[in-house]
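Visitor: Contents of run.csv (CSV, C-alpha atoms) are given next:
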chain,number,residue,atom,x,y,z
O,687,MET,CA,-12.2,73.7,-8.8
O,688,VAL,CA,-14.0,71.1,-10.9
O,689,GLU,CA,-12.0,67.9,-11.5
O,690,PRO,CA,-11.5,67.2,-15.1
O,691,GLU,CA,-12.8,63.7,-14.6
O,692,ALA,CA,-16.0,65.0,-12.9
O,693,GLU,CA,-16.6,67.5,-15.7
O,694,ALA,CA,-16.1,64.7,-18.2
O,695,MET,CA,-18.8,62.6,-16.4
O,696,ASP,CA,-21.2,65.6,-16.6
O,697,GLN,CA,-20.6,65.7,-20.4
O,698,LEU,CA,-21.0,61.9,-20.7
O,699,LEU,CA,-24.4,62.0,-19.0
O,700,LEU,CA,-25.6,64.8,-21.3
O,701,ARG,CA,-24.5,62.8,-24.3
O,702,MET,CA,-26.2,59.7,-22.9
O,703,ALA,CA,-29.4,61.8,-22.6
O,704,ALA,CA,-29.1,62.4,-26.3
O,705,GLY,CA,-29.0,58.6,-26.9
O,706,GLU,CA,-25.3,58.1,-27.4
O,707,ARG,CA,-24.2,54.6,-26.3
O,708,ALA,CA,-20.5,55.4,-26.7
O,709,ALA,CA,-20.9,57.9,-23.8
O,710,PHE,CA,-22.4,55.2,-21.7
O,711,ARG,CA,-19.5,52.9,-22.4
O,712,ALA,CA,-17.1,55.6,-21.6
O,713,LEU,CA,-18.9,56.3,-18.3
O,714,TYR,CA,-18.6,52.8,-16.9
O,715,PRO,CA,-14.9,52.7,-16.2
O,716,LEU,CA,-15.0,56.2,-14.7
O,717,ALA,CA,-18.0,55.7,-12.4
O,718,SER,CA,-18.1,52.0,-11.6
O,719,PRO,CA,-15.4,51.9,-8.9
O,720,LYS,CA,-17.2,54.4,-6.7
O,721,LEU,CA,-20.7,53.0,-7.4
O,722,PHE,CA,-19.5,49.5,-6.8
O,723,GLY,CA,-18.0,50.7,-3.5
O,724,VAL,CA,-21.5,52.1,-2.5
O,725,CYS,CA,-23.1,48.7,-3.4
O,726,LEU,CA,-20.6,46.7,-1.4
O,727,ARG,CA,-20.7,48.8,1.6
O,728,MET,CA,-24.5,49.0,1.8
O,729,LEU,CA,-25.4,45.5,0.6
O,730,ARG,CA,-22.4,43.7,2.1
O,731,ASP,CA,-22.8,40.9,-0.4
O,732,ARG,CA,-20.6,40.8,-3.5
O,733,ALA,CA,-23.0,38.9,-5.7
O,734,GLU,CA,-25.9,41.2,-4.9
O,735,ALA,CA,-23.6,44.2,-5.3
O,736,GLU,CA,-22.8,43.1,-8.8
O,737,ASP,CA,-26.4,42.6,-9.7
O,738,ALA,CA,-27.3,46.0,-8.1
O,739,LEU,CA,-24.5,47.7,-10.1
O,740,GLN,CA,-26.1,46.4,-13.3
O,741,GLU,CA,-29.4,47.8,-12.3
O,742,ILE,CA,-27.9,51.1,-11.3
O,743,PHE,CA,-26.2,51.6,-14.6
O,744,THR,CA,-29.5,50.7,-16.3
O,745,ARG,CA,-31.2,53.4,-14.3
O,746,ILE,CA,-28.5,55.9,-15.0
O,747,TRP,CA,-29.0,55.3,-18.8
O,748,THR,CA,-32.7,55.5,-18.7
O,749,ARG,CA,-32.8,58.5,-16.3
O,750,SER,CA,-29.9,60.5,-17.9
O,751,HIS,CA,-32.4,62.9,-19.4
O,752,ARG,CA,-33.3,64.0,-15.9
O,753,TYR,CA,-29.7,64.8,-15.0
O,754,ASP,CA,-29.1,68.6,-14.6
O,755,PRO,CA,-25.4,69.5,-14.2
O,756,ASP,CA,-26.5,72.9,-12.7
O,757,LYS,CA,-28.1,71.1,-9.8
O,758,ALA,CA,-25.6,68.5,-8.9
O,759,PRO,CA,-22.2,67.2,-10.0
O,760,ALA,CA,-22.5,63.9,-11.9
O,761,MET,CA,-21.1,61.7,-9.2
O,762,ILE,CA,-23.4,63.1,-6.5
O,763,TRP,CA,-26.4,62.4,-8.8
O,764,MET,CA,-25.2,58.9,-9.6
O,765,ILE,CA,-24.5,58.0,-6.0
O,766,ALA,CA,-28.0,59.1,-5.1
O,767,VAL,CA,-29.3,56.7,-7.8
O,768,ALA,CA,-27.1,54.0,-6.3
O,769,ARG,CA,-28.0,54.6,-2.7
O,770,ASN,CA,-31.7,54.7,-3.5
O,771,LEU,CA,-31.5,51.3,-5.2
O,772,CYS,CA,-29.4,49.7,-2.4
O,773,ILE,CA,-31.8,51.0,0.3
O,774,ASP,CA,-34.8,49.7,-1.5
O,775,ARG,CA,-33.1,46.3,-1.7
O,776,LEU,CA,-32.1,46.4,1.9
O,777,ARG,CA,-35.7,47.2,3.0
O,778,ALA,CA,-37.0,44.4,0.8
O,779,ARG,CA,-34.9,41.8,2.6
O,780,PRO,CA,-36.5,39.5,5.0
O,781,ARG,CA,-36.2,40.8,8.5
O,782,ASP,CA,-33.9,38.1,9.8
O,783,ALA,CA,-31.5,38.9,6.9
O,784,ARG,CA,-31.0,42.4,8.1
O,785,PRO,CA,-27.7,43.4,9.6
O,786,ASP,CA,-27.0,43.2,13.2
O,787,ASP,CA,-24.7,45.5,14.9
O,788,ASP,CA,-21.7,43.2,14.5
O,789,ALA,CA,-22.1,42.9,10.8
O,790,ALA,CA,-22.6,46.6,10.3
O,791,SER,CA,-19.7,47.6,12.5
O,792,ALA,CA,-17.5,44.9,11.0
O,793,VAL,CA,-17.4,47.0,7.8
O,794,ALA,CA,-14.1,48.9,8.2
O,795,ASP,CA,-14.2,52.6,7.4
O,796,PRO,CA,-12.2,52.9,4.2
O,797,SER,CA,-9.6,55.6,3.8
O,798,PRO,CA,-11.1,58.6,2.0
O,799,SER,CA,-10.8,58.5,-1.8
O,800,ALA,CA,-9.3,61.1,-3.9
O,801,GLU,CA,-12.7,62.6,-4.4
O,802,ALA,CA,-13.2,62.8,-0.7
O,803,ARG,CA,-9.9,64.5,-0.2
O,804,ILE,CA,-10.8,67.2,-2.7
O,805,ILE,CA,-14.3,67.8,-1.5
O,806,ALA,CA,-13.1,67.7,2.1
O,807,ARG,CA,-11.3,70.9,1.7
O,808,GLY,CA,-14.6,72.8,1.4
O,809,GLU,CA,-18.1,71.7,2.1
O,810,ALA,CA,-17.3,68.4,3.7
O,811,ASP,CA,-15.2,70.1,6.3
O,812,ARG,CA,-18.1,72.2,7.2
O,813,PHE,CA,-20.4,69.2,7.2
O,814,ARG,CA,-18.1,67.3,9.6
O,815,LEU,CA,-17.9,70.3,11.8
O,816,CYS,CA,-21.7,70.5,11.9
O,817,LEU,CA,-22.1,66.8,12.4
O,818,ASN,CA,-19.7,66.9,15.3
O,819,THR,CA,-21.7,69.7,17.0
O,820,LEU,CA,-24.7,67.3,17.1
O,821,GLY,CA,-22.8,64.9,19.4
O,822,ALA,CA,-21.3,61.5,18.8
O,823,ASP,CA,-24.6,59.6,18.9
O,824,HIS,CA,-26.3,61.7,16.3
O,825,ALA,CA,-23.3,61.6,14.1
O,826,GLN,CA,-23.0,57.9,14.3
O,827,ALA,CA,-26.7,57.5,13.5
O,828,VAL,CA,-26.5,59.7,10.5
O,829,ARG,CA,-23.5,57.9,9.2
O,830,GLY,CA,-25.0,54.5,9.9
O,831,ALA,CA,-28.1,55.4,7.9
O,832,TYR,CA,-26.4,57.1,5.0
O,833,LEU,CA,-23.4,54.9,4.6
O,834,ASP,CA,-24.6,51.5,5.8
O,835,GLY,CA,-28.3,51.9,5.0
O,836,LEU,CA,-29.5,51.3,8.5
O,837,SER,CA,-33.2,51.7,9.1
O,838,TYR,CA,-34.9,53.4,12.1
O,839,GLU,CA,-35.4,49.9,13.5
O,840,ASP,CA,-31.7,49.0,13.1
O,841,LEU,CA,-30.7,52.4,14.7
O,842,ALA,CA,-33.2,52.0,17.6
O,843,ARG,CA,-31.6,48.7,18.4
O,844,ARG,CA,-28.1,49.9,18.1
O,845,HIS,CA,-28.7,53.0,20.2
O,846,ALA,CA,-31.1,51.3,22.6
O,847,ILE,CA,-33.7,54.0,22.1
O,848,PRO,CA,-37.5,53.3,21.5
O,849,LEU,CA,-38.3,53.6,17.8
O,850,ASN,CA,-40.6,56.7,18.0
O,851,THR,CA,-38.1,58.5,20.3
O,852,LEU,CA,-35.3,57.8,17.9
O,853,ARG,CA,-37.3,59.1,15.0
O,854,SER,CA,-37.9,62.5,16.5
O,855,TRP,CA,-34.4,62.6,18.0
O,856,LEU,CA,-32.8,62.0,14.6
O,857,ARG,CA,-35.2,64.5,12.9
O,858,ARG,CA,-34.1,67.2,15.3
O,859,GLY,CA,-30.5,66.3,14.5
O,860,LEU,CA,-31.1,66.7,10.8
O,861,GLN,CA,-32.8,70.0,11.3
O,862,LYS,CA,-29.8,71.3,13.4
O,863,LEU,CA,-27.5,70.0,10.7
O,864,ARG,CA,-29.3,72.0,8.1
O,865,GLU,CA,-29.3,75.1,10.2
O,866,CYS,CA,-25.6,74.7,10.9
O,867,MET,CA,-24.8,74.4,7.2
O,868,SER,CA,-26.9,77.2,5.9
U,1481,MET,CA,-43.2,73.7,1.7
U,1482,THR,CA,-43.3,73.1,5.4
U,1483,GLU,CA,-40.7,72.0,8.0
U,1484,GLU,CA,-42.5,68.6,7.9
U,1485,ASP,CA,-41.8,68.3,4.2
U,1486,ASP,CA,-38.2,69.2,4.6
U,1487,ALA,CA,-37.9,66.6,7.4
U,1488,LEU,CA,-39.5,64.0,5.0
U,1489,ALA,CA,-37.0,65.0,2.3
U,1490,ALA,CA,-34.1,64.6,4.8
U,1491,GLU,CA,-35.4,61.2,5.9
U,1492,TYR,CA,-35.9,60.1,2.4
U,1493,VAL,CA,-32.3,61.0,1.4
U,1494,LEU,CA,-30.9,59.5,4.6
U,1495,GLY,CA,-32.8,56.3,3.8
U,1496,THR,CA,-34.7,56.0,7.0
U,1497,LEU,CA,-38.2,57.1,5.7
U,1498,ASP,CA,-40.6,54.2,5.8
U,1499,ASP,CA,-42.8,54.9,2.8
U,1500,ARG,CA,-40.0,55.4,0.3
U,1501,ALA,CA,-42.2,54.6,-2.7
U,1502,ALA,CA,-44.6,57.5,-1.9
U,1503,ALA,CA,-41.6,59.9,-1.5
U,1504,ALA,CA,-40.1,58.7,-4.8
U,1505,ARG,CA,-43.4,59.4,-6.5
U,1506,ARG,CA,-43.6,62.8,-4.9
U,1507,VAL,CA,-40.1,63.7,-6.2
U,1508,ALA,CA,-41.4,63.0,-9.7
U,1509,THR,CA,-44.5,65.1,-9.3
U,1510,ASP,CA,-43.8,67.9,-6.8
U,1511,PRO,CA,-41.0,70.2,-7.9
U,1512,ALA,CA,-40.7,72.0,-4.6
U,1513,PHE,CA,-40.3,68.6,-2.8
U,1514,ALA,CA,-37.7,67.5,-5.5
U,1515,VAL,CA,-35.7,70.7,-4.7
U,1516,ARG,CA,-35.7,69.8,-1.0
U,1517,VAL,CA,-34.5,66.3,-1.8
U,1518,ALA,CA,-31.8,67.6,-4.1
U,1519,GLU,CA,-30.6,70.0,-1.3
U,1520,TRP,CA,-30.4,67.1,1.1
U,1521,GLU,CA,-28.5,65.0,-1.4
U,1522,MET,CA,-26.0,67.8,-1.8
U,1523,ARG,CA,-25.7,68.3,2.0
U,1524,LEU,CA,-25.2,64.6,2.8
U,1525,SER,CA,-23.0,64.1,-0.2
U,1526,ALA,CA,-20.2,65.3,2.1
U,1527,LEU,CA,-20.2,61.6,3.3
U,1528,ASN,CA,-19.8,60.2,-0.2
U,1529,GLY,CA,-16.0,60.2,0.2
U,1530,GLU,CA,-16.4,57.5,2.8
U,1531,PHE,CA,-17.6,55.1,0.2
U,1532,ALA,CA,-14.4,53.4,-1.0
U,1533,ASP,CA,-13.5,53.1,-4.7
U,1534,VAL,CA,-13.6,49.3,-5.4
U,1535,PRO,CA,-12.6,48.1,-8.9
U,1536,ALA,CA,-15.8,46.6,-10.4
U,1537,PRO,CA,-15.8,43.6,-12.7
U,1538,ASP,CA,-16.5,44.3,-16.3
U,1539,LEU,CA,-20.3,44.1,-16.2
U,1540,LEU,CA,-20.7,46.3,-19.2
U,1541,PRO,CA,-21.7,43.6,-21.7
U,1542,ALA,CA,-24.4,42.3,-19.3
U,1543,ILE,CA,-25.6,45.9,-18.7
U,1544,GLU,CA,-25.7,46.7,-22.4
U,1545,ALA,CA,-27.7,43.5,-23.0
U,1546,ARG,CA,-30.2,44.7,-20.3
U,1547,VAL,CA,-30.4,48.3,-21.5
U,1548,PHE,CA,-30.3,47.8,-25.3
U,1549,GLY,CA,-31.8,44.3,-25.4
U,1550,ARG,CA,-29.0,42.8,-27.4
U,1551,PRO,CA,-25.2,43.1,-27.8
U,1552,PRO,CA,-24.1,46.0,-30.0
U,1553,ARG,CA,-23.8,45.1,-33.7
U,1554,ARG,CA,-20.6,45.1,-35.5
U,1555,TRP,CA,-20.4,48.3,-37.5
U,1556,ARG,CA,-20.6,47.9,-41.3
U,1557,LEU,CA,-19.5,50.6,-43.6
U,1558,TRP,CA,-22.3,52.2,-45.6
U,1559,GLY,CA,-21.9,54.1,-48.7
U,1560,LEU,CA,-23.3,57.6,-49.0
U,1561,GLY,CA,-24.5,56.8,-52.5
U,1562,GLY,CA,-27.2,54.5,-51.4
U,1563,LEU,CA,-28.5,57.0,-49.0
U,1564,VAL,CA,-28.6,59.9,-51.5
U,1565,GLY,CA,-29.9,57.6,-54.3
U,1566,ALA,CA,-32.9,56.8,-52.1
U,1567,SER,CA,-33.7,60.5,-52.0
U,1568,VAL,CA,-33.4,60.7,-48.3
U,1569,ALA,CA,-34.6,64.2,-47.3
U,1570,VAL,CA,-33.5,65.3,-43.9
U,1571,PHE,CA,-33.9,68.8,-42.6
U,1572,VAL,CA,-32.3,69.7,-39.4
U,1573,VAL,CA,-33.2,73.1,-38.2
U,1574,LEU,CA,-33.4,74.9,-34.9
U,1575,GLY,CA,-36.1,75.3,-32.4
U,1576,PRO,CA,-36.9,78.7,-30.8
U,1577,LEU,CA,-33.8,80.7,-30.8
U,1578,ARG,CA,-32.5,84.0,-29.7
U,1579,PRO,CA,-32.6,86.4,-32.6
U,1580,ASP,CA,-28.8,86.9,-32.4
U,1581,ALA,CA,-28.1,83.2,-32.8
U,1582,VAL,CA,-25.8,82.4,-35.7
U,1583,ARG,CA,-27.1,79.7,-38.0
U,1584,THR,CA,-25.2,77.4,-40.3
U,1585,ARG,CA,-27.0,75.4,-42.9
U,1586,LEU,CA,-25.6,72.1,-44.0
U,1587,THR,CA,-26.9,70.9,-47.3
U,1588,ALA,CA,-26.2,67.7,-49.3
U,1589,PRO,CA,-25.5,68.3,-53.0
U,1590,ASP,CA,-29.0,67.1,-54.0
U,1591,GLN,CA,-30.6,68.9,-51.0
U,1592,ALA,CA,-31.6,65.5,-49.8
U,1593,LEU,CA,-30.3,66.3,-46.4
U,1594,VAL,CA,-30.3,69.7,-44.8
U,1595,VAL,CA,-29.1,70.3,-41.3
U,1596,GLU,CA,-28.9,73.6,-39.4
U,1597,ALA,CA,-26.7,74.3,-36.5
U,1598,SER,CA,-26.7,77.4,-34.4
U,1599,VAL,CA,-24.6,79.1,-31.9
U,1600,THR,CA,-25.8,81.9,-29.7
U,1601,PRO,CA,-23.2,84.6,-29.0
U,1602,GLY,CA,-22.3,84.6,-25.3
U,1603,ALA,CA,-24.1,81.4,-24.6
U,1604,ASP,CA,-22.5,78.0,-24.4
U,1605,GLY,CA,-23.7,75.2,-26.6
U,1606,LEU,CA,-24.6,74.4,-30.1
U,1607,ARG,CA,-28.1,73.5,-31.1
U,1608,LEU,CA,-29.4,71.1,-33.7
U,1609,VAL,CA,-33.0,70.1,-34.4
U,1610,GLN,CA,-34.4,67.9,-37.1
U,1611,VAL,CA,-37.5,69.4,-38.6
U,1612,ALA,CA,-38.2,67.3,-41.7
U,1613,GLY,CA,-37.1,64.3,-43.6
U,1614,PRO,CA,-37.0,60.7,-42.5
U,1615,ALA,CA,-35.3,59.4,-39.5
U,1616,ALA,CA,-32.1,57.5,-40.0
U,1617,PRO,CA,-32.5,54.0,-41.5
U,1618,SER,CA,-33.5,51.3,-39.1
U,1619,GLY,CA,-30.6,50.3,-36.9
U,1620,GLN,CA,-28.8,53.5,-37.6
U,1621,ALA,CA,-28.6,57.0,-36.3
U,1622,TYR,CA,-27.5,60.4,-37.4
U,1623,GLN,CA,-24.7,61.7,-35.1
U,1624,GLY,CA,-23.5,65.3,-34.8
U,1625,TRP,CA,-19.8,66.2,-34.5
U,1626,ILE,CA,-17.7,69.3,-34.2
U,1627,ILE,CA,-14.1,69.3,-35.4
U,1628,ARG,CA,-12.0,72.1,-34.0
U,1629,PRO,CA,-9.1,73.1,-36.2
U,1630,GLY,CA,-6.4,70.5,-35.9
U,1631,ALA,CA,-8.4,68.4,-33.4
U,1632,ALA,CA,-10.2,65.1,-33.5
U,1633,PRO,CA,-14.0,65.1,-33.9
U,1634,GLU,CA,-16.0,65.6,-30.7
U,1635,SER,CA,-19.5,64.0,-30.5
U,1636,LEU,CA,-22.4,66.3,-30.1
U,1637,GLY,CA,-24.8,63.4,-29.6
U,1638,LEU,CA,-27.5,61.8,-31.8
U,1639,LEU,CA,-30.1,63.6,-33.9
U,1640,THR,CA,-33.3,61.8,-33.0
U,1641,GLY,CA,-35.9,64.4,-34.1
U,1642,ALA,CA,-35.9,66.3,-30.8
U,1643,PRO,CA,-33.7,69.4,-30.4
U,1644,LEU,CA,-30.2,68.5,-29.6
U,1645,GLN,CA,-28.4,71.0,-27.3
U,1646,ALA,CA,-24.8,70.1,-27.1
U,1647,PRO,CA,-22.7,71.6,-24.3
U,1648,VAL,CA,-19.7,72.8,-26.3
U,1649,ALA,CA,-18.0,76.0,-25.5
U,1650,GLY,CA,-15.2,78.2,-26.9
U,1651,LEU,CA,-15.5,77.1,-30.5
U,1652,PRO,CA,-12.8,78.8,-32.5
U,1653,PRO,CA,-13.3,80.1,-36.1
U,1654,GLY,CA,-12.8,77.3,-38.6
U,1655,THR,CA,-14.6,74.8,-36.5
U,1656,ILE,CA,-16.4,72.3,-38.7
U,1657,VAL,CA,-19.8,70.8,-37.9
U,1658,ALA,CA,-20.6,67.4,-39.4
U,1659,ILE,CA,-23.2,64.7,-39.4
U,1660,SER,CA,-22.3,61.1,-39.9
U,1661,LEU,CA,-24.5,58.0,-40.2
U,1662,GLU,CA,-23.7,55.6,-37.4
U,1663,PRO,CA,-25.0,52.4,-35.9
U,1664,GLU,CA,-28.0,52.8,-33.7
U,1665,GLY,CA,-26.8,54.1,-30.3
U,1666,GLY,CA,-24.1,56.1,-31.9
U,1667,SER,CA,-20.5,55.4,-33.0
U,1668,PRO,CA,-19.1,52.6,-30.9
U,1669,THR,CA,-15.7,54.2,-30.9
U,1670,GLY,CA,-16.5,57.8,-30.0
U,1671,GLN,CA,-15.2,58.8,-33.4
U,1672,PRO,CA,-17.1,58.9,-36.6
U,1673,THR,CA,-17.1,55.4,-38.1
U,1674,GLY,CA,-19.8,55.8,-40.8
U,1675,PRO,CA,-20.1,58.0,-43.8
U,1676,VAL,CA,-19.9,61.7,-43.2
U,1677,ILE,CA,-23.2,62.8,-44.8
U,1678,LEU,CA,-22.7,66.6,-44.2
U,1679,GLN,CA,-20.0,68.9,-43.1
U,1680,THR,CA,-19.4,72.6,-43.3
U,1681,PRO,CA,-17.5,75.2,-41.4
U,1682,LEU,CA,-19.6,76.7,-38.6
U,1683,ASN,CA,-20.5,80.4,-38.9
U,1684,ILE,CA,-19.2,81.9,-35.6
Please render this file's structure as structure tokens.
Guide:
Amino acid sequence: MVEPEAEAMDQLLLRMAAGERAAFRALYPLASPKLFGVCLRMLRDRAEAEDALQEIFTRIWTRSHRYDPDKAPAMIWMIAVARNLCIDRLRARPRDARPDDDAASAVADPSPSAEARIIARGEADRFRLCLNTLGADHAQAVRGAYLDGLSYEDLARRHAIPLNTLRSWLRRGLQKLRECMS
Amino acid sequence: MTEEDDALAAEYVLGTLDDRAAAARRVATDPAFAVRVAEWEMRLSALNGEFADVPAPDLLPAIEARVFGRPPRRWRLWGLGGLVGASVAVFVVLGPLRPDAVRTRLTAPDQALVVEASVTPGADGLRLVQVAGPAAPSGQAYQGWIIRPGAAPESLGLLTGAPLQAPVAGLPPGTIVAISLEPEGGSPTGQPTGPVILQTPLNI
């Protein structure tokens, strides 16, 4: 089932692609809470998250013509835009400003949003099942990278594994994840 | 597309890939790689629910200033007379169409403005294309609308010279298609605010 709100966001992106500013204005209140949540979790700095959110909406407007509703629901596409920007910003930070384990683990896991509860009934259940079959360490690494923007370096430190070993270990995990979900 | 490429796509989406700029360029130029990236975005999107919804401050004015360069203007009402008096000739017709597409021609009394809308049976969407005539006056835009019987107008988007494919479905008989003149960027309210230049029932 497609949520009415999700379908509305698809339509708004298509209207933005046709140059309609009112669609952009209508999208902001619908999409900003989730995208701001992404920025806050990944950047862990409110001022930077607010600046990132402005840049993300700017990108959403300028790239709306690339959005294809047949390929991805609007929110998944927009979260990909947001995560890419946040990760680029994290990697551009000076090394000593990167998170240590305490800072990363201090971010509490929020309760799943309405969207999560709906998706969780299908694909996400399967994803969690597959993620769990990889083992707790793999699952933690995937979540740390995807949700908190941790780099290989951060993960190597957290899991106390040499960098190159970690890279091939995580790649194997991702491959297994893909096989499990296909 | 190799296993290595798929692994790169996975690492790019996960965020751990070192050379992100190269992967981003490849997404733009290599469709097969872009598909792999999109597939990983879908797979890993199962984690998206763990990002909390957090009310964001109203950054829209700042974002609009960034995107559009200046705050949106206040809308002024424009008379249709000036537009027609200036012999504005606008033709909106359709790009390549299926032969069974049903076309509707919208014509201003003096033929200064002609718009064609088409609906293809069995396919969703309504298509508009401008083929001749000047663009909207500076600072303004032509905006397409449909009005289902008894309902408020729904925006189809802006007519900018390129074909406009609007994703509307299930249009009942009696639906009206209309073009209004709006501020640049479209109606600020989501409803027509400027003069309705053309309108006619849609042939469906």
Visitor: Between O:Glu741, O:Asp696, O:Asp834, O:Asp756, which residue has the minimum interatomic distance to Ala1545 of chain U, considering only C-alpha atoms?
Guide: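 Between O:Glu741, O:Asp696, O:Asp834, O:Asp756, the residue approaching Ala1545 of chain U most closely is O:Glu741.
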Visitor: Compile the contact shell of Pro715 of chain O as a list in words: residues with an atom at most 10 Å away, counting only C-alpha atoms, same-chain residues fewer than 6 positions apart removed.
Guide: Pro1535, Ala1536, Pro1537, Asp1538 and Leu1540 of chain U
Visitor: Per residue of chain U within 6 Å of chain O, record the nearest atom pair and its distance in Å to one decimal, counting only C-alpha atoms, with rows in chain order and ascending residue number, as a Markdown table.
Guide:
| residue | atom | partner | partner_atom | distance |
| --- | --- | --- | --- | --- |
| U:Leu1494 | CA | O:Tyr832 | CA | 5.1 |
| U:Thr1496 | CA | O:Ser837 | CA | 5.0 |
| U:Ala1526 | CA | O:Ala810 | CA | 4.5 |
| U:Gly1529 | CA | O:Ala802 | CA | 3.9 |
| U:Glu1530 | CA | O:Pro798 | CA | 5.5 |
| U:Phe1531 | CA | O:Val724 | CA | 5.6 |
| U:Ala1532 | CA | O:Gly723 | CA | 5.1 |
| U:Asp1533 | CA | O:Lys720 | CA | 4.4 |
| U:Val1534 | CA | O:Pro719 | CA | 4.7 |
| U:Pro1535 | CA | O:Pro719 | CA | 4.7 |
| U:Ala1536 | CA | O:Pro719 | CA | 5.5 |
| U:Ile1543 | CA | O:Gln740 | CA | 5.4 |
| U:Val1547 | CA | O:Thr744 | CA | 5.8 |
| U:Gly1637 | CA | O:Arg701 | CA | 5.3 |
| U:Leu1638 | CA | O:Ala704 | CA | 5.8 |
| U:Gly1665 | CA | O:Arg707 | CA | 4.8 |
| U:Gly1666 | CA | O:Glu706 | CA | 5.1 |
| U:Pro1668 | CA | O:Ala708 | CA | 5.2 |
| U:Gly1670 | CA | O:Ala708 | CA | 5.7 |
Visitor: Considering all atoms listed in the file, can you say which of U:Ala1615, U:Val1507, U:Val1609, U:Tyr1492 comes closest to Glu1664 of chain U?
Guide: U:Ala1615
Visitor: Closest to Pro1675 of chain U among U:Ala1487, U:Leu1606, U:Ala1621, U:Ala1632, using all atoms listed in the file?
Guide: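 Using all atoms listed in the file, the shortest distance to Pro1675 of chain U belongs to U:Ala1621.
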Visitor: Atom CA of Arg1607 of chain U to atom CA of Pro1647 of chain U: how many Å, to one decimal?
Guide: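 Answer for the atom CA of Arg1607 of chain U to atom CA of Pro1647 of chain U separation: 8.9 Å.
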Visitor: Determine, counting all atoms listed in the file, which protein, DNA and RNA residues have an atom within 6 Å of an atom of segment 1510-1521 of chain U; residues of the same chain fewer than 4 positions away are not included. Present the result as a list in words.
Guide: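 My reading of the contact set: Ala1489, Ala1490, Arg1506 and Ser1525 of chain U.
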Visitor: Grab the atom CA of Arg1628 of chain U to atom CA of Ala760 of chain O distance for me, in Å with one decimal place.
Guide: 25.8 Å
Visitor: What's the separation between atom CA of Thr1673 of chain U and atom CA of Pro1541 of chain U, in Å to one decimal place?
Guide: 20.7 Å
Visitor: Between O:Ala825, O:Cys866, O:Leu771, O:Met695, single out the one closest to Tyr753 of chain O, counting only C-alpha atoms.
Guide: O:Met695
